[in-house]
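K.L.:
Quick one: this structure, given as structure tokens, is what I'll be asking you about.
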Amino acid sequence: MKKFASLLALSTLATSAFAHTIFQQLYFNGVDQGHINGIRVPDYDGPITDVTSNDVICNGGINPYHQPISKAVLTVAAGSQVTTEWHHTLNGADPSDSADPIDPSHKGPVLVYLAQIPDATQSSVTGLKWFKIYEDGLTSDGKWGVDRLIANKGKVTFTLPSCIAAGQYLLRAEIIALHAAGSYPGAQLYMECAQLSVTGGGNVSPATVSFPGAYKGTDPGITINIYQSLSGYTIPGPPVFTCSGSGSAPAPPSTTAAPPPTTVTAPAPPPTTSSTQATAEHYAQCGGIGFNGPTTCVAPFTCVKSSDYYSQCL
């Protein structure tokens, strides 16, 4: 009996280690677009831990898609409010499930990307060029994007950029759970892609990144011990694209998509913002020995010193 109880405990621990979650519903300006309608969802969304795998694009590899895959392409106007909804299983909301929409231990950021595509229903997703339109990481009160997602019953709301070109896109919504990210591979990536047809808009061409390629295992937002005192968190990937200024976000360096962590004690690598910019974005480096980038942060953020070698906009 004791042996059986031990085996059961191990089985329970193994299951809880991968408390998966699935992006399965969209709302445009508050209007429900239907459960799993227009979204490529797997029946079981286990984590992707290899950031060099093609599975980080839209899932569907080691977690095969639910069949038949939705062929719906959802029409949305540029500038609309978009809400993604996540739940522990494809059955949707379950108040009796303590891990719905995701286990509370799975602290980490929530991110959203777009990529223009000739046909939003095409099966091939390799080679697409992605730009980030939303991110929610660690705030000064110690709360994570995942904490806010849970508090909002699995929903995350953001604005579709008003200046992007009309056409068909894939929307890639992602959660990065960092509870086991102290060494690589440890971070757990959960993502699905929705099929959109964007109307209106403008003619801006944002700076883009590739998946895989946007993240590296050594990125401070991918490999990090979150069980320490953190003065900030470097969200992986490029900066969030906005329609202000020149109309496109600065392209990330070819070797990494994130600035150095706030906890470094050695000289930081080159910043992701150029010295010609007047201000540094939220979470960007804004000071330190050898740093020659902008030292003023965009409002309402201020430049906070972490060490002689690194200061960050917080």
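As shown in the structure tokens, the chain order sets the letters A, B, ...; within each chain, residues go from 1, and ligands are also counted from 1 in the order they appear.
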Quick one: pick out all strand (DSSP E) residues within range 121-238 of chain A from a backbone DSSP run and write them as a ChimeraX atom specification.
P.N.:
/A:130-136,155-159,167-177,188-199
K.L.:
Identify, on the basis of only C-alpha atoms, every residue whose closest approach to Ala72 in chain A does not exceed 8 Å; exclude the query and any residue fewer than 3 positions from it along the same chain; express the result as a PDB file with C-alpha atoms, in the first residue's frame.
P.N.:
```pdb
ATOM      1  CA  ASN A  37     -13.301  29.257 -33.803  1.00  0.00           C
ATOM      2  CA  GLY A  38     -10.454  30.424 -36.026  1.00  0.00           C
ATOM      3  CA  THR A 121      -5.460  28.940 -43.093  1.00  0.00           C
ATOM      4  CA  GLN A 195      -6.373  33.249 -38.061  1.00  0.00           C
TER       5      GLN A 195
END
```
K.L.:
Let me make sure I understand: among A:Leu170, A:Leu178, A:Val304, A:Ile69, which one has the smallest atom-to-atom distance to Thr126 in chain A if we use only C-alpha atoms?
P.N.:
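The shortest atom-to-atom distance to Thr126 in chain A comes from A:Leu170.
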K.L.:
Compile the contact shell of Asn91 in chain A as a ChimeraX atom specification: residues with an atom at most 12 Å away, counting only C-alpha atoms, same-chain residues fewer than 2 positions apart removed.
P.N.:
/A:21-25,35-36,41,43-44,86-89,93-95,97,100-101
K.L.:
Pick the closest to Lys132 in chain A from A:Gly167, A:Gly232, A:Gly79, A:Pro238: which is it, counting only C-alpha atoms?
P.N.:
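Closest candidate: A:Pro238.
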K.L.:
Val110 in chain A: which residues within 9 Å, counting only C-alpha atoms, same-chain residues fewer than 4 positions away excluded, as a PyMOL selection string?
P.N.:
chain A and resi 134-137+144-146+149+156+173-176
K.L.:
Which residues in range 29-216 of chain A does DSSP call helix (DSSP H, G or I)? List them as a VMD selection string.
P.N.:
chain A and resid 55 to 58 145 to 151
K.L.:
I'd like the neighbourhood of Asp45 in chain A as a PDB file with N, CA and C atoms, in the first residue's frame, where a residue qualifies if any of its atoms comes within 10 Å (using only C-alpha atoms), though same-chain residues fewer than 5 positions away should be ignored.
P.N.:
```pdb
ATOM      1  N   PHE A  18       3.391  20.054 -15.264  1.00  0.00           N
ATOM      2  CA  PHE A  18       3.016  20.568 -16.576  1.00  0.00           C
ATOM      3  C   PHE A  18       1.536  20.919 -16.571  1.00  0.00           C
ATOM      4  N   ALA A  19       1.187  21.934 -15.808  1.00  0.00           N
ATOM      5  CA  ALA A  19      -0.217  22.349 -15.723  1.00  0.00           C
ATOM      6  C   ALA A  19      -0.529  23.204 -16.943  1.00  0.00           C
ATOM      7  N   HIS A  20      -0.829  22.539 -18.040  1.00  0.00           N
ATOM      8  CA  HIS A  20      -0.948  23.217 -19.326  1.00  0.00           C
ATOM      9  C   HIS A  20      -2.137  24.175 -19.372  1.00  0.00           C
ATOM     10  N   THR A  21      -2.100  25.034 -20.388  1.00  0.00           N
ATOM     11  CA  THR A  21      -3.173  25.994 -20.625  1.00  0.00           C
ATOM     12  C   THR A  21      -3.296  26.229 -22.119  1.00  0.00           C
ATOM     13  N   ILE A  22      -4.495  26.549 -22.580  1.00  0.00           N
ATOM     14  CA  ILE A  22      -4.757  26.659 -24.017  1.00  0.00           C
ATOM     15  C   ILE A  22      -5.485  27.965 -24.318  1.00  0.00           C
ATOM     16  N   PHE A  23      -4.942  28.745 -25.247  1.00  0.00           N
ATOM     17  CA  PHE A  23      -5.632  29.920 -25.791  1.00  0.00           C
ATOM     18  C   PHE A  23      -6.706  29.401 -26.745  1.00  0.00           C
ATOM     19  N   ASN A  59       2.705  25.875 -32.113  1.00  0.00           N
ATOM     20  CA  ASN A  59       2.387  24.586 -31.507  1.00  0.00           C
ATOM     21  C   ASN A  59       2.015  23.585 -32.608  1.00  0.00           C
ATOM     22  N   GLY A  60       1.331  22.505 -32.265  1.00  0.00           N
ATOM     23  CA  GLY A  60       0.850  21.573 -33.275  1.00  0.00           C
ATOM     24  C   GLY A  60       1.818  20.472 -33.655  1.00  0.00           C
ATOM     25  N   ILE A  62       4.600  18.464 -31.215  1.00  0.00           N
ATOM     26  CA  ILE A  62       4.500  17.444 -30.168  1.00  0.00           C
ATOM     27  C   ILE A  62       3.116  17.470 -29.515  1.00  0.00           C
ATOM     28  N   ASN A  63       2.387  18.555 -29.717  1.00  0.00           N
ATOM     29  CA  ASN A  63       0.987  18.647 -29.274  1.00  0.00           C
ATOM     30  C   ASN A  63       0.104  18.779 -30.512  1.00  0.00           C
ATOM     31  N   PRO A  64      -0.284  17.650 -31.133  1.00  0.00           N
ATOM     32  CA  PRO A  64      -1.036  17.709 -32.399  1.00  0.00           C
ATOM     33  C   PRO A  64      -2.328  18.506 -32.259  1.00  0.00           C
ATOM     34  N   TYR A  65      -2.708  19.166 -33.349  1.00  0.00           N
ATOM     35  CA  TYR A  65      -3.915  19.993 -33.355  1.00  0.00           C
ATOM     36  C   TYR A  65      -5.179  19.161 -33.210  1.00  0.00           C
ATOM     37  N   HIS A  88      -7.498  25.814 -18.833  1.00  0.00           N
ATOM     38  CA  HIS A  88      -6.663  24.644 -18.559  1.00  0.00           C
ATOM     39  C   HIS A  88      -6.902  23.518 -19.567  1.00  0.00           C
ATOM     40  N   THR A  89      -8.126  23.346 -19.996  1.00  0.00           N
ATOM     41  CA  THR A  89      -8.465  22.329 -20.993  1.00  0.00           C
ATOM     42  C   THR A  89      -9.380  22.947 -22.044  1.00  0.00           C
ATOM     43  N   LEU A  90      -9.593  22.203 -23.130  1.00  0.00           N
ATOM     44  CA  LEU A  90     -10.477  22.685 -24.201  1.00  0.00           C
ATOM     45  C   LEU A  90     -11.937  22.730 -23.785  1.00  0.00           C
ATOM     46  N   LEU A 189       6.853  27.173 -22.435  1.00  0.00           N
ATOM     47  CA  LEU A 189       6.177  28.067 -23.370  1.00  0.00           C
ATOM     48  C   LEU A 189       4.871  27.436 -23.829  1.00  0.00           C
ATOM     49  N   TYR A 190       3.792  28.210 -23.719  1.00  0.00           N
ATOM     50  CA  TYR A 190       2.462  27.783 -24.173  1.00  0.00           C
ATOM     51  C   TYR A 190       1.988  28.800 -25.200  1.00  0.00           C
ATOM     52  N   MET A 191       1.607  28.329 -26.381  1.00  0.00           N
ATOM     53  CA  MET A 191       1.172  29.273 -27.419  1.00  0.00           C
ATOM     54  C   MET A 191       0.205  28.596 -28.392  1.00  0.00           C
ATOM     55  N   GLU A 192      -0.687  29.409 -28.935  1.00  0.00           N
ATOM     56  CA  GLU A 192      -1.549  29.019 -30.042  1.00  0.00           C
ATOM     57  C   GLU A 192      -1.639  30.180 -31.017  1.00  0.00           C
TER      58      GLU A 192
END
```
K.L.:
What gap, in Å, lies between CA of Thr84 in chain A and CA of Asp55 in chain A?
P.N.:
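According to the coordinates, CA of Thr84 in chain A and CA of Asp55 in chain A are separated by 20.2 Å.
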K.L.:
Need the shell around Leu128 in chain A: protein/DNA/RNA residues with any atom at most 8 Å away, counting only C-alpha atoms. Skip same-chain ones fewer than 4 positions apart. Format as a tab-separated table (two decimals) with all heavy atoms, in the first residue's frame?
P.N.:
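around-v2.tsv was written with the following content:
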```
chain	number	residue	atom	x	y	z
A	115	ALA	N	1.87	38.14	-37.40
A	115	ALA	CA	2.67	37.93	-38.61
A	115	ALA	C	1.74	37.95	-39.80
A	115	ALA	O	0.69	37.29	-39.80
A	115	ALA	CB	3.42	36.60	-38.56
A	116	GLN	N	2.09	38.73	-40.82
A	116	GLN	CA	1.28	38.75	-42.03
A	116	GLN	C	1.55	37.46	-42.80
A	116	GLN	O	2.66	36.92	-42.79
A	116	GLN	CB	1.62	39.97	-42.88
A	116	GLN	CG	0.55	40.29	-43.91
A	116	GLN	CD	0.57	41.74	-44.37
A	116	GLN	OE1	1.55	42.45	-44.17
A	116	GLN	NE2	-0.51	42.20	-44.98
A	117	ILE	N	0.52	36.95	-43.45
A	117	ILE	CA	0.61	35.65	-44.10
A	117	ILE	C	-0.28	35.66	-45.34
A	117	ILE	O	-1.35	36.29	-45.34
A	117	ILE	CB	0.18	34.53	-43.11
A	117	ILE	CG1	0.45	33.14	-43.67
A	117	ILE	CG2	-1.28	34.69	-42.70
A	117	ILE	CD1	0.28	32.04	-42.62
A	210	SER	N	11.95	36.25	-36.16
A	210	SER	CA	11.54	34.92	-36.62
A	210	SER	C	11.34	33.99	-35.43
A	210	SER	O	11.98	34.15	-34.39
A	210	SER	CB	12.59	34.32	-37.56
A	210	SER	OG	12.76	35.11	-38.71
A	211	PHE	N	10.44	33.03	-35.60
A	211	PHE	CA	10.31	31.91	-34.66
A	211	PHE	C	10.53	30.62	-35.43
A	211	PHE	O	9.90	30.41	-36.45
A	211	PHE	CB	8.92	31.90	-34.02
A	211	PHE	CG	8.74	32.90	-32.91
A	211	PHE	CD1	8.02	34.05	-33.13
A	211	PHE	CD2	9.30	32.67	-31.67
A	211	PHE	CE1	7.86	34.98	-32.12
A	211	PHE	CE2	9.14	33.60	-30.65
A	211	PHE	CZ	8.42	34.76	-30.87
```
K.L.:
Using only C-alpha atoms, which of the listed residues (A:Ala181, A:Ile164, A:Val204, A:Ala194) sits closest to Asp219 in chain A?
P.N.:
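For Asp219 in chain A, the nearest of the given residues is A:Ala181.
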K.L.:
Any idea what the distance is between CA of Cys58 in chain A and CA of Lys129 in chain A?
P.N.:
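Going from CA of Cys58 in chain A over to CA of Lys129 in chain A, I get 12.9 Å.
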